[in-house]
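Asker: Sending over upload10.csv (CSV, C-alpha atoms).
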chain,number,residue,atom,x,y,z
V,456,MET,CA,-161.1,29.9,-53.0
V,457,ALA,CA,-159.3,31.8,-50.2
V,458,THR,CA,-155.8,32.9,-49.3
V,459,LEU,CA,-154.7,31.7,-45.8
V,460,PHE,CA,-152.3,33.4,-43.4
V,461,VAL,CA,-150.8,31.8,-40.3
V,462,SER,CA,-147.8,32.7,-38.0
V,463,ASP,CA,-146.4,32.1,-34.6
V,464,LEU,CA,-146.9,28.3,-34.5
V,465,HIS,CA,-143.7,28.0,-32.4
V,466,LEU,CA,-143.5,24.3,-33.4
V,467,ASP,CA,-141.6,22.5,-30.7
V,468,PRO,CA,-141.1,18.8,-30.0
V,469,ALA,CA,-142.4,19.5,-26.5
V,470,ARG,CA,-145.8,20.5,-27.9
V,471,PRO,CA,-146.9,17.7,-30.2
V,472,ALA,CA,-150.6,18.7,-30.2
V,473,THR,CA,-149.7,22.0,-32.0
V,474,THR,CA,-147.6,20.1,-34.6
V,475,ALA,CA,-150.5,17.7,-35.2
V,476,LEU,CA,-152.9,20.5,-35.6
V,477,PHE,CA,-150.6,22.3,-38.1
V,478,LEU,CA,-150.0,19.1,-40.1
V,479,ASP,CA,-153.8,18.6,-40.3
V,480,PHE,CA,-154.2,22.2,-41.4
V,481,LEU,CA,-151.6,21.7,-44.2
V,482,ALA,CA,-153.2,18.4,-45.3
V,483,ARG,CA,-156.8,19.6,-45.4
V,484,GLN,CA,-157.7,23.3,-45.1
V,485,ALA,CA,-154.6,24.6,-46.8
V,486,ARG,CA,-155.1,22.2,-49.8
V,487,GLN,CA,-158.3,24.1,-50.7
V,488,ALA,CA,-156.5,27.5,-50.6
V,489,GLU,CA,-155.3,29.6,-53.4
V,490,ALA,CA,-152.1,30.3,-51.5
V,491,CYS,CA,-150.8,29.9,-48.0
V,492,TYR,CA,-148.6,32.4,-46.2
V,493,ILE,CA,-146.6,31.7,-43.0
V,494,LEU,CA,-145.5,35.0,-41.5
V,495,GLY,CA,-142.7,33.9,-39.2
V,496,ASP,CA,-142.1,31.9,-36.0
V,497,LEU,CA,-143.1,28.6,-37.7
V,498,PHE,CA,-140.6,27.0,-35.2
V,499,GLU,CA,-139.9,27.8,-31.6
V,500,ALA,CA,-136.2,27.6,-32.6
V,501,TRP,CA,-134.3,27.0,-35.8
V,502,ILE,CA,-130.5,26.8,-35.5
V,503,GLY,CA,-129.7,26.2,-39.1
V,504,ASP,CA,-131.0,24.1,-42.1
V,505,ASP,CA,-128.2,21.6,-41.4
V,506,ASP,CA,-129.9,20.6,-38.1
V,507,ASP,CA,-131.4,17.3,-38.9
V,508,THR,CA,-134.4,16.9,-36.5
V,509,GLU,CA,-137.5,14.7,-36.6
V,510,LEU,CA,-139.7,17.8,-36.3
V,511,GLY,CA,-137.9,19.6,-39.1
V,512,ARG,CA,-138.2,16.6,-41.4
V,513,VAL,CA,-141.9,16.1,-40.7
V,514,VAL,CA,-142.7,19.8,-41.3
V,515,VAL,CA,-140.6,19.9,-44.5
V,516,ASN,CA,-142.4,16.8,-45.9
V,517,ALA,CA,-145.8,18.3,-45.1
V,518,LEU,CA,-145.0,21.6,-46.6
V,519,ARG,CA,-143.6,19.8,-49.7
V,520,SER,CA,-146.8,17.8,-50.1
V,521,LEU,CA,-148.8,21.0,-50.0
V,522,ALA,CA,-146.5,22.8,-52.5
V,523,ASP,CA,-146.6,19.8,-54.8
V,524,SER,CA,-150.4,19.7,-54.7
V,525,GLY,CA,-150.2,23.2,-56.5
V,526,VAL,CA,-150.7,25.5,-53.5
V,527,PRO,CA,-148.0,28.1,-53.4
V,528,VAL,CA,-146.6,28.5,-49.9
V,529,TYR,CA,-144.7,31.6,-48.9
V,530,PHE,CA,-142.7,32.2,-45.7
V,531,LEU,CA,-141.2,35.3,-44.1
V,532,HIS,CA,-138.9,35.0,-41.1
V,533,GLY,CA,-139.9,35.6,-37.5
V,534,ASN,CA,-137.7,36.4,-34.5
V,535,ARG,CA,-137.3,32.7,-33.7
V,536,ASP,CA,-136.6,31.1,-37.1
V,537,PHE,CA,-134.6,33.8,-38.8
V,538,LEU,CA,-132.0,31.2,-39.7
V,539,ILE,CA,-134.4,29.3,-42.0
V,540,GLY,CA,-132.4,29.4,-45.3
V,541,PRO,CA,-132.4,28.4,-49.0
V,542,HIS,CA,-131.9,24.7,-48.2
V,543,PHE,CA,-135.0,24.5,-46.1
V,544,ALA,CA,-136.9,26.4,-48.8
V,545,SER,CA,-135.8,24.1,-51.6
V,546,GLU,CA,-136.5,21.0,-49.6
V,547,SER,CA,-140.0,22.1,-48.5
V,548,GLY,CA,-141.0,23.9,-51.7
V,549,ILE,CA,-141.8,27.1,-49.9
V,550,GLN,CA,-140.8,30.5,-51.3
V,551,LEU,CA,-138.9,32.8,-49.0
V,552,LEU,CA,-140.1,36.4,-48.8
V,553,PRO,CA,-138.1,39.5,-47.7
V,554,GLU,CA,-138.9,40.9,-44.3
V,555,THR,CA,-141.6,43.1,-45.8
V,556,GLU,CA,-143.6,42.2,-48.9
V,557,VAL,CA,-146.5,43.9,-50.6
V,558,ILE,CA,-148.8,41.4,-52.3
V,559,ASP,CA,-151.9,41.7,-54.4
V,560,LEU,CA,-154.8,40.3,-52.4
V,561,TYR,CA,-157.9,40.3,-54.5
V,562,GLY,CA,-157.0,43.6,-56.1
V,563,GLU,CA,-155.8,45.3,-53.0
V,564,PRO,CA,-152.2,45.9,-52.0
V,565,VAL,CA,-151.5,44.4,-48.6
V,566,LEU,CA,-148.3,44.7,-46.6
V,567,LEU,CA,-147.0,41.5,-45.0
V,568,LEU,CA,-144.5,41.4,-42.2
V,569,HIS,CA,-143.7,39.4,-39.1
V,570,GLY,CA,-144.5,42.3,-36.8
V,571,ASP,CA,-141.5,42.5,-34.5
V,572,THR,CA,-140.2,45.6,-36.3
V,573,LEU,CA,-143.4,47.4,-35.2
V,574,CYS,CA,-142.7,46.9,-31.5
V,575,THR,CA,-140.4,50.0,-31.4
V,576,ASP,CA,-141.1,50.6,-27.7
V,577,ASP,CA,-139.2,47.5,-26.9
V,578,VAL,CA,-135.8,49.1,-27.3
V,579,ASP,CA,-133.8,46.2,-26.0
V,580,TYR,CA,-135.4,43.8,-28.4
V,581,GLN,CA,-134.8,46.1,-31.4
V,582,ALA,CA,-131.1,46.2,-30.5
V,583,PHE,CA,-131.1,42.4,-30.2
V,584,ARG,CA,-132.9,42.1,-33.5
V,585,ALA,CA,-130.4,44.4,-35.3
V,586,GLN,CA,-127.6,42.0,-34.1
V,587,VAL,CA,-129.2,38.7,-35.1
V,588,ARG,CA,-130.5,39.9,-38.5
V,589,ASN,CA,-127.0,41.0,-39.4
V,590,PRO,CA,-125.9,38.7,-42.2
V,591,VAL,CA,-122.3,38.7,-41.0
V,592,TRP,CA,-123.4,37.7,-37.4
V,593,GLN,CA,-125.6,34.9,-39.0
V,594,ALA,CA,-122.8,33.6,-41.2
V,595,ARG,CA,-120.5,33.4,-38.2
V,596,LEU,CA,-123.1,31.7,-36.1
V,597,LEU,CA,-123.8,29.1,-38.8
V,598,GLU,CA,-120.1,28.2,-38.8
V,599,GLN,CA,-120.3,27.1,-35.2
V,600,PRO,CA,-120.9,23.4,-34.5
V,601,LEU,CA,-124.6,22.4,-34.0
V,602,ALA,CA,-124.2,21.7,-30.3
V,603,GLN,CA,-122.9,25.1,-29.6
V,604,ARG,CA,-125.7,26.7,-31.6
V,605,ARG,CA,-128.2,24.6,-29.7
V,606,ALA,CA,-126.8,25.9,-26.4
V,607,LEU,CA,-126.9,29.5,-27.6
V,608,ALA,CA,-130.5,29.2,-28.8
V,609,GLY,CA,-131.5,27.8,-25.4
V,610,GLN,CA,-129.8,30.7,-23.7
V,611,LEU,CA,-131.5,33.3,-26.0
V,612,ARG,CA,-134.9,31.8,-25.3
V,613,GLU,CA,-134.3,31.9,-21.6
V,614,THR,CA,-133.2,35.5,-21.7
V,615,SER,CA,-136.2,36.4,-23.9
V,616,ARG,CA,-138.6,34.6,-21.4
V,617,GLN,CA,-137.2,36.4,-18.4
V,618,ALA,CA,-137.2,39.8,-20.3
V,619,LEU,CA,-140.8,39.3,-21.3
V,620,GLN,CA,-141.9,38.7,-17.7
V,621,GLN,CA,-140.4,42.0,-16.7
V,622,LYS,CA,-141.8,44.1,-19.5
V,623,ALA,CA,-145.1,46.0,-19.3
V,624,THR,CA,-147.6,44.5,-21.8
V,625,ASP,CA,-147.9,47.7,-23.8
V,626,ILE,CA,-144.1,47.6,-24.6
V,627,THR,CA,-144.5,44.2,-26.2
V,628,ASP,CA,-147.4,45.3,-28.4
V,629,VAL,CA,-146.9,47.3,-31.6
V,630,ASN,CA,-146.3,51.0,-31.5
V,631,PRO,CA,-149.3,52.7,-33.3
V,632,ALA,CA,-147.0,55.4,-34.8
V,633,ALA,CA,-144.7,52.6,-36.2
V,634,VAL,CA,-147.8,50.9,-37.7
V,635,ASN,CA,-148.9,54.1,-39.4
V,636,GLN,CA,-145.4,54.9,-40.6
V,637,ALA,CA,-145.1,51.4,-42.2
V,638,LEU,CA,-148.5,51.8,-43.9
V,639,ARG,CA,-147.4,55.2,-45.3
V,640,ALA,CA,-144.0,54.1,-46.3
V,641,HIS,CA,-145.4,51.2,-48.4
V,642,GLY,CA,-148.4,53.3,-49.6
V,643,VAL,CA,-150.9,50.7,-48.5
V,644,ARG,CA,-154.1,50.6,-46.5
V,645,ARG,CA,-153.9,47.0,-45.4
V,646,MET,CA,-151.4,45.1,-43.3
V,647,ILE,CA,-151.1,41.5,-41.9
V,648,HIS,CA,-148.7,40.5,-39.3
V,649,GLY,CA,-148.2,38.2,-36.3
V,650,HIS,CA,-145.6,38.3,-33.5
V,651,THR,CA,-147.6,40.0,-30.7
V,652,HIS,CA,-149.9,37.0,-30.0
V,653,ARG,CA,-152.8,39.4,-29.9
V,654,PRO,CA,-155.1,38.2,-32.7
V,655,ALA,CA,-157.5,40.8,-33.9
V,656,ILE,CA,-158.6,42.8,-36.9
V,657,HIS,CA,-158.1,46.5,-36.2
V,658,GLU,CA,-159.8,49.3,-38.4
V,659,TRP,CA,-159.2,53.0,-38.1
V,660,THR,CA,-158.7,56.1,-40.3
V,661,LEU,CA,-155.3,57.2,-41.5
V,662,ASP,CA,-154.8,60.3,-43.7
V,663,GLU,CA,-158.6,60.3,-44.1
V,664,LEU,CA,-158.6,56.7,-45.5
V,665,PRO,CA,-160.0,53.6,-43.8
V,666,VAL,CA,-157.1,51.3,-42.9
V,667,ARG,CA,-157.0,47.8,-41.6
V,668,ARG,CA,-154.5,45.7,-39.7
V,669,ALA,CA,-154.9,42.0,-39.1
V,670,VAL,CA,-152.9,40.4,-36.3
V,671,LEU,CA,-152.5,36.6,-36.5
V,672,GLY,CA,-152.7,34.6,-33.3
V,673,ASP,CA,-150.2,32.2,-31.9
V,674,TRP,CA,-150.8,28.4,-31.8
V,675,TYR,CA,-150.0,27.8,-28.1
V,676,VAL,CA,-153.5,26.9,-26.9
V,677,GLN,CA,-155.4,26.9,-30.2
V,678,GLY,CA,-154.6,27.5,-33.9
V,679,SER,CA,-155.3,30.8,-35.6
V,680,VAL,CA,-155.9,31.3,-39.4
V,681,LEU,CA,-156.7,34.5,-41.3
V,682,ARG,CA,-158.9,33.6,-44.3
V,683,CYS,CA,-159.1,36.2,-47.0
V,684,ASP,CA,-161.2,36.1,-50.1
V,685,GLU,CA,-163.1,38.5,-52.3
V,686,ALA,CA,-165.8,38.9,-49.7
V,687,GLY,CA,-163.4,40.0,-46.9
V,688,TRP,CA,-161.1,38.9,-44.1
V,689,CYS,CA,-162.0,36.5,-41.3
V,690,LEU,CA,-159.8,35.5,-38.4
V,691,GLU,CA,-160.6,31.9,-37.4
V,692,PRO,CA,-159.5,29.9,-34.4
V,693,LEU,CA,-158.6,26.2,-34.8
V,694,ALA,CA,-159.2,23.9,-31.8
V,695,LEU,CA,-156.4,21.8,-30.5
V,696,SER,CA,-157.5,18.2,-30.2
V,697,ILE,CA,-157.4,16.7,-26.7
V,698,GLY,CA,-155.5,13.6,-26.0
F,667,MET,CA,-154.1,56.8,-79.2
F,668,VAL,CA,-157.5,57.2,-77.5
F,669,ASN,CA,-159.1,60.1,-75.6
F,670,LEU,CA,-161.1,59.0,-72.7
F,671,HIS,CA,-163.7,61.7,-72.0
F,672,THR,CA,-164.8,61.8,-68.4
F,673,THR,CA,-167.0,64.0,-66.3
F,674,LEU,CA,-163.8,65.4,-64.8
F,675,GLY,CA,-161.8,66.0,-68.0
F,676,ILE,CA,-160.1,64.2,-70.8
F,677,ILE,CA,-157.4,61.5,-70.4
F,678,GLY,CA,-155.2,60.8,-73.4
F,679,ILE,CA,-153.9,57.2,-73.6
F,680,GLU,CA,-151.3,55.8,-76.0
F,681,LEU,CA,-151.9,52.0,-76.5
F,682,ASP,CA,-149.0,49.6,-76.9
F,683,HIS,CA,-150.1,47.4,-79.8
F,684,GLY,CA,-146.7,45.8,-80.1
F,685,LYS,CA,-146.4,44.5,-76.5
F,686,ALA,CA,-150.1,43.8,-75.8
F,687,PRO,CA,-151.7,43.0,-79.2
F,688,ALA,CA,-154.7,41.0,-77.9
F,689,THR,CA,-155.4,43.4,-75.0
F,690,THR,CA,-155.3,46.6,-77.1
F,691,ALA,CA,-157.5,45.0,-79.8
F,692,ASN,CA,-160.0,43.9,-77.0
F,693,PHE,CA,-160.0,47.4,-75.5
F,694,LEU,CA,-160.5,49.1,-78.9
F,695,GLN,CA,-163.4,46.7,-79.8
F,696,TYR,CA,-165.2,47.7,-76.6
F,697,ALA,CA,-164.4,51.4,-77.4
F,698,ARG,CA,-165.7,51.1,-81.0
F,699,ASP,CA,-168.9,49.4,-79.7
F,700,GLY,CA,-169.5,52.3,-77.4
F,701,PHE,CA,-169.4,50.0,-74.5
F,702,TYR,CA,-167.5,52.4,-72.2
F,703,GLU,CA,-169.9,55.3,-72.7
F,704,GLY,CA,-171.9,55.8,-69.5
F,705,THR,CA,-169.7,53.5,-67.4
F,706,LEU,CA,-168.2,54.7,-64.2
F,707,PHE,CA,-164.8,54.9,-62.5
F,708,HIS,CA,-166.3,52.8,-59.7
F,709,ARG,CA,-163.3,51.9,-57.7
F,710,VAL,CA,-161.0,54.7,-56.7
F,711,ILE,CA,-158.1,54.2,-54.2
F,712,PRO,CA,-155.7,57.1,-53.7
F,713,ASN,CA,-152.0,56.1,-53.8
F,714,PHE,CA,-153.0,53.0,-55.7
F,715,MET,CA,-155.2,53.1,-58.8
F,716,ILE,CA,-158.5,54.2,-60.4
F,717,GLN,CA,-160.6,51.4,-61.9
F,718,GLY,CA,-163.5,51.7,-64.3
F,719,GLY,CA,-165.2,50.7,-67.6
F,720,GLY,CA,-167.6,48.0,-66.4
F,721,LEU,CA,-170.4,49.3,-64.2
F,722,GLU,CA,-173.1,51.8,-64.8
F,723,PRO,CA,-174.6,54.3,-62.3
F,724,GLY,CA,-176.5,52.3,-59.7
F,725,MET,CA,-173.6,49.8,-59.7
F,726,THR,CA,-175.1,47.6,-62.4
F,727,GLN,CA,-172.6,45.5,-64.3
F,728,LYS,CA,-172.7,45.6,-68.1
F,729,LEU,CA,-172.7,42.4,-70.0
F,730,THR,CA,-169.3,41.8,-71.6
F,731,ARG,CA,-167.7,39.6,-74.2
F,732,GLU,CA,-165.6,36.5,-73.3
F,733,PRO,CA,-162.5,37.1,-71.2
F,734,ILE,CA,-159.2,37.4,-72.9
F,735,ARG,CA,-155.7,35.8,-72.4
F,736,ASN,CA,-153.6,37.7,-69.9
F,737,GLU,CA,-150.6,39.3,-71.7
F,738,ALA,CA,-148.9,40.5,-68.5
F,739,ASP,CA,-145.8,38.6,-69.4
F,740,ASN,CA,-145.0,41.3,-72.0
F,741,GLY,CA,-142.4,43.1,-69.9
F,742,LEU,CA,-144.5,46.2,-69.3
F,743,GLN,CA,-144.6,47.3,-65.7
F,744,ASN,CA,-147.4,48.8,-63.6
F,745,GLN,CA,-145.8,52.2,-63.2
F,746,VAL,CA,-147.5,55.6,-62.5
F,747,GLY,CA,-149.7,56.5,-65.4
F,748,THR,CA,-149.9,53.1,-67.1
F,749,ILE,CA,-153.2,51.5,-67.9
F,750,ALA,CA,-153.8,47.8,-67.2
F,751,MET,CA,-156.6,45.3,-67.4
F,752,ALA,CA,-158.6,44.6,-64.2
F,753,ARG,CA,-159.6,41.0,-63.5
F,754,THR,CA,-160.7,38.5,-60.9
F,755,SER,CA,-158.3,36.1,-59.2
F,756,ASP,CA,-158.2,34.0,-62.4
F,757,PRO,CA,-155.4,35.5,-64.4
F,758,HIS,CA,-157.2,35.1,-67.7
F,759,SER,CA,-160.5,36.7,-66.7
F,760,ALA,CA,-160.2,40.3,-67.9
F,761,THR,CA,-163.1,41.6,-70.1
F,762,ALA,CA,-163.8,45.3,-70.3
F,763,GLN,CA,-162.7,46.8,-66.9
F,764,PHE,CA,-159.3,48.5,-66.7
F,765,PHE,CA,-157.4,50.6,-64.2
F,766,ILE,CA,-154.9,53.4,-64.3
F,767,ASN,CA,-152.0,53.2,-61.8
F,768,VAL,CA,-151.4,56.4,-59.8
F,769,LYS,CA,-148.3,54.9,-58.1
F,770,ASP,CA,-145.6,52.4,-59.1
F,771,ASN,CA,-147.4,49.1,-58.2
F,772,ASP,CA,-144.6,46.6,-59.0
F,773,PHE,CA,-146.4,43.9,-57.0
F,774,LEU,CA,-148.9,43.9,-59.8
F,775,ASP,CA,-146.3,42.9,-62.4
F,776,HIS,CA,-145.9,39.5,-64.0
F,777,ARG,CA,-143.5,37.3,-62.0
F,778,SER,CA,-144.4,33.7,-63.0
F,779,PRO,CA,-146.9,31.8,-65.1
F,780,THR,CA,-149.0,30.9,-62.0
F,781,SER,CA,-152.3,32.2,-60.7
F,782,GLN,CA,-150.4,34.0,-57.9
F,783,GLY,CA,-147.6,35.4,-60.0
F,784,TRP,CA,-149.3,36.2,-63.3
F,785,GLY,CA,-149.8,39.9,-62.6
F,786,TYR,CA,-151.9,42.5,-64.4
F,787,CYS,CA,-151.5,43.3,-68.1
F,788,VAL,CA,-150.3,46.8,-68.9
F,789,PHE,CA,-151.3,47.8,-72.4
F,790,GLY,CA,-150.7,51.5,-72.6
F,791,ARG,CA,-149.9,54.7,-70.7
F,792,VAL,CA,-151.4,58.1,-70.1
F,793,VAL,CA,-149.8,60.8,-72.3
F,794,ALA,CA,-152.1,63.7,-71.5
F,795,GLY,CA,-154.5,64.5,-68.7
F,796,MET,CA,-152.6,62.8,-65.8
F,797,ASP,CA,-154.0,65.7,-63.7
F,798,VAL,CA,-157.5,64.4,-64.5
F,799,VAL,CA,-156.4,60.9,-63.3
F,800,ASN,CA,-155.0,62.4,-60.1
F,801,THR,CA,-158.2,64.4,-59.6
F,802,ILE,CA,-160.3,61.3,-59.9
F,803,ALA,CA,-158.0,59.5,-57.5
F,804,LYS,CA,-158.8,62.1,-54.8
F,805,VAL,CA,-162.6,62.2,-55.0
F,806,PRO,CA,-164.4,61.3,-51.8
F,807,THR,CA,-165.5,57.6,-51.8
F,808,THR,CA,-168.0,55.5,-50.0
F,809,ALA,CA,-169.4,51.9,-50.1
F,810,LYS,CA,-172.3,51.4,-52.5
F,811,ARG,CA,-174.2,48.1,-53.1
F,812,GLY,CA,-171.5,45.9,-51.7
F,813,HIS,CA,-168.7,47.7,-53.5
F,814,GLN,CA,-166.0,49.6,-51.5
F,815,ASP,CA,-164.2,52.7,-52.6
F,816,VAL,CA,-167.0,54.0,-54.9
F,817,PRO,CA,-166.9,57.8,-55.6
F,818,VAL,CA,-169.7,59.5,-53.7
F,819,ASP,CA,-170.5,61.5,-56.9
F,820,ASP,CA,-170.5,59.5,-60.1
F,821,VAL,CA,-167.3,59.9,-62.2
F,822,MET,CA,-168.4,58.7,-65.6
F,823,ILE,CA,-166.8,58.0,-69.0
F,824,THR,CA,-168.8,60.0,-71.5
F,825,LYS,CA,-167.0,59.1,-74.7
F,826,VAL,CA,-164.0,57.2,-76.0
F,827,GLU,CA,-162.5,58.9,-79.0
F,828,ILE,CA,-160.2,56.8,-81.1
F,829,ILE,CA,-157.5,58.9,-82.9
F,830,GLY,CA,-155.5,57.6,-85.9
F,831,GLU,CA,-155.9,53.9,-85.1
Spell out the structure here as structure tokens.
Answerer:
Amino acid sequence: MATLFVSDLHLDPARPATTALFLDFLARQARQAEACYILGDLFEAWIGDDDDTELGRVVVNALRSLADSGVPVYFLHGNRDFLIGPHFASESGIQLLPETEVIDLYGEPVLLLHGDTLCTDDVDYQAFRAQVRNPVWQARLLEQPLAQRRALAGQLRETSRQALQQKATDITDVNPAAVNQALRAHGVRRMIHGHTHRPAIHEWTLDELPVRRAVLGDWYVQGSVLRCDEAGWCLEPLALSIG
Amino acid sequence: MVNLHTTLGIIGIELDHGKAPATTANFLQYARDGFYEGTLFHRVIPNFMIQGGGLEPGMTQKLTREPIRNEADNGLQNQVGTIAMARTSDPHSATAQFFINVKDNDFLDHRSPTSQGWGYCVFGRVVAGMDVVNTIAKVPTTAKRGHQDVPVDDVMITKVEIIGE
């Protein structure tokens, strides 16, 4: 039995192949797991649990089937779906985690997070994040009509896309000092996150101890799953079906 | 109370019979049988915990009795200096191996009666020799026979002395 980690699916009605791959993952691979963790950016955009969309319904039902089959499903927010709330959680059967969580993974404490807080070189983004993660800002946004929220989400995505094109690639990766600081602050030697779309397992030495950081991949051109069991960690790609 | 004699000093442990009756009885049975004598602290992770009581030098596993029920739902927390039972991912799989927390490890506490949330059963706390525990937590480690975080030089339990039980 293994514990599975995914993130950065960016599910979007415009990319049905990714949705199909994720539904297949939930219905088959994830059923065999001890637990399944989704570390943010499940959706390309989420403007509130009250937004009744076909994609939202399909994903809620698939998550619910997995949870009902006895596999605990945990979710922590990404920078795209930070508005996923308690209603979505109760409908889908997932358990919402705070933005950082230390779990027991086969006798080893492991820090889970989306990863955007580690990109401290991207000062503009961190300022944006501080705004949108503010509960008051979120509450005020959720009071707006759906159409208005949808328009704002579109604007934010466009701004983010343009900003990304202008930023040097090293700015949008994690800051190594921020990574070490997070490991020290939580007193752990292991970390799993997504966000940067740079799937890899990094190992180095911190304070004379071997440390490890797994970065989950995005699901744009293929799926990416981190499989952890007593024997170790393995980052596996999942092929998108063609046609 | 028990005194755990190790090659690096003595660790005094007060057992919580009231909160963890089955676990303390299990531990004392292994202690009385002399099971722990000659076993190692074989998994040592600074800032986390030190684990022992099941393997002999050369990393051979000793034959244990049947696993016990996990009493982690007793309200005791995995705080610095507490002793808890080690186990596999099955909550009710603890036999002889135990660990001593060298940090507050609240993520090991009982949260729900599920395989993910069951947690690790605390059954006592260190009342003397915490310096010995911290010394063990800092010894150099390496990988041996497929095990990670094994002390380079064996840290062994030489005797378990039961006092006034």
Asker: Please measure the separation of CA of Asp815 in chain F and CA of His569 in chain V, giving the value in Å to one decimal.
Answerer: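 Computed distance, CA of Asp815 in chain F to CA of His569 in chain V, equals 27.9 Å.
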Asker: Taking (-135.7, 32.3, -42.6) in the coordinates of the supplied file, I want to know which residues reach to within 12 Å of it, counting only C-alpha atoms; could you give the answer as JSON, numbers by chain?
Answerer: {"V": [493, 494, 495, 496, 497, 498, 500, 501, 502, 503, 504, 529, 530, 531, 532, 533, 534, 535, 536, 537, 538, 539, 540, 541, 542, 543, 544, 549, 550, 551, 552, 553, 554, 569, 587, 588, 590, 593]}
Asker: I need the contact residues of chain V against chain F, so if you could list those with any atom within 8 Å, counting all atoms listed in the file, and return them as an NGL selection string, that would help.
Answerer: :V and (489-490 or 527 or 557-559 or 561-562 or 564 or 642-643)
Asker: Taking 4 positions as the minimum chain separation for residues in the same chain, which residues sit within 9 Å of Glu827 in chain F when counting only C-alpha atoms? Answer as a JSON list (two decimals) with C-alpha atoms, in the coordinates of the input.
Answerer:
[["chain", "number", "residue", "atom", "x", "y", "z"],
["F", 667, "MET", "CA", -154.10, 56.80, -79.20],
["F", 668, "VAL", "CA", -157.50, 57.20, -77.50],
["F", 669, "ASN", "CA", -159.10, 60.10, -75.60],
["F", 670, "LEU", "CA", -161.10, 59.00, -72.70],
["F", 671, "HIS", "CA", -163.70, 61.70, -72.00],
["F", 697, "ALA", "CA", -164.40, 51.40, -77.40],
["F", 698, "ARG", "CA", -165.70, 51.10, -81.00]]
Asker: Show which residues sit within 8 Å of His641 in chain V, as number ranges by chain. Count only C-alpha atoms, and ignore same-chain residues fewer than 3 positions away.
Answerer: V: 557, 566, 637-638
Asker: As an exercise, work out the distance from CA of Arg791 in chain F to CA of Leu729 in chain F in Å and give it to one decimal place.
Answerer: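 CA of Leu729 in chain F lies 25.9 Å from CA of Arg791 in chain F.
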Asker: For His650 in chain V, list every protein, DNA or RNA residue within 7 Å, evaluated using all atoms listed in the file, and leave out those in the same chain fewer than 3 positions away; present the list as a PyMOL selection string.
Answerer: chain V and resi 463+569-571
Asker: To one decimal place in Å, what is the distance between CA of Gly672 in chain V and CA of Val528 in chain V?
Answerer: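 Computing the Euclidean distance for CA of Gly672 in chain V and CA of Val528 in chain V yields 18.7 Å.
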Asker: When distances are computed from only C-alpha atoms, which of F:Gly747, F:Gly720, F:Leu694, F:Ala760 shows the smallest separation from Ala794 in chain F?
Answerer: F:Gly747
Asker: So which residues touch Leu518 in chain V within 10 Å, counting all atoms listed in the file, skipping near sequence neighbours fewer than 5 positions away, as a PyMOL selection string?
Answerer: chain V and resi 478+481-482+512-513+523-524+526-528+544+546-549
Asker: For Gly704 in chain F, list every protein, DNA or RNA residue within 12 Å, evaluated using all atoms listed in the file, and leave out those in the same chain fewer than 3 positions away; present the list as a list in words.
Answerer: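 Once the nearby chain positions are removed, what remains is Leu670, His671, Thr672, Thr673, Ala697, Gly700, Phe701, Phe707, His708, Gly718, Gly719, Gly720, Leu721, Glu722, Pro723, Gly724, Met725, Thr726, Gln727, Lys728, Asp820, Val821, Met822, Ile823, Thr824, Lys825 and Val826 of chain F.
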Asker: Compile a residue-level contact table for range 530-598 of chain V against range 612-632 of chain V at a cut-off of 9 Å, reporting for every qualifying residue the shortest atom pair and its distance in Å to one decimal, with only C-alpha atoms counted, rows ordered by chain and ascending number, as a tab-separated table.
Answerer:
residue	atom	partner	partner_atom	distance
V:Arg535	CA	V:Arg612	CA	8.8
V:Gly570	CA	V:Val629	CA	7.6
V:Asp571	CA	V:Val629	CA	7.8
V:Thr572	CA	V:Val629	CA	8.4
V:Leu573	CA	V:Val629	CA	5.0
V:Cys574	CA	V:Val629	CA	4.2
V:Thr575	CA	V:Asn630	CA	6.0
V:Asp576	CA	V:Ile626	CA	5.3
V:Asp577	CA	V:Ile626	CA	5.4
V:Val578	CA	V:Ile626	CA	8.9
V:Tyr580	CA	V:Ser615	CA	8.7
Asker: Which residue gives the smallest distance to Arg483 in chain V among V:Ala606, V:Ser520, V:Val461, V:Leu466, with all atoms listed in the file counted?
Answerer: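 Answer, going by the shortest atom-to-atom distance: V:Ser520.
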Asker: Go through V:Val670, V:Ile647, V:Leu510, V:Leu597 and flag the residue nearest Pro471 in chain V, using all atoms listed in the file for the distances.
Answerer: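 Comparing V:Val670, V:Ile647, V:Leu510, V:Leu597 against Pro471 in chain V, the winner is V:Leu510.
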Asker: Using only C-alpha atoms for the distances, tell me which of F:Asp756, F:Val816, F:Ile766, F:Thr761 is nearest to Tyr702 in chain F.
Answerer: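 Nearest to Tyr702 in chain F: F:Thr761.
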Asker: May I ask which of the residues F:Asn692, F:Met751, F:Asn740, F:Val792 is the closest one to Pro779 in chain F, counting only C-alpha atoms?
Answerer: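 Answer, going by the shortest atom-to-atom distance: F:Asn740.
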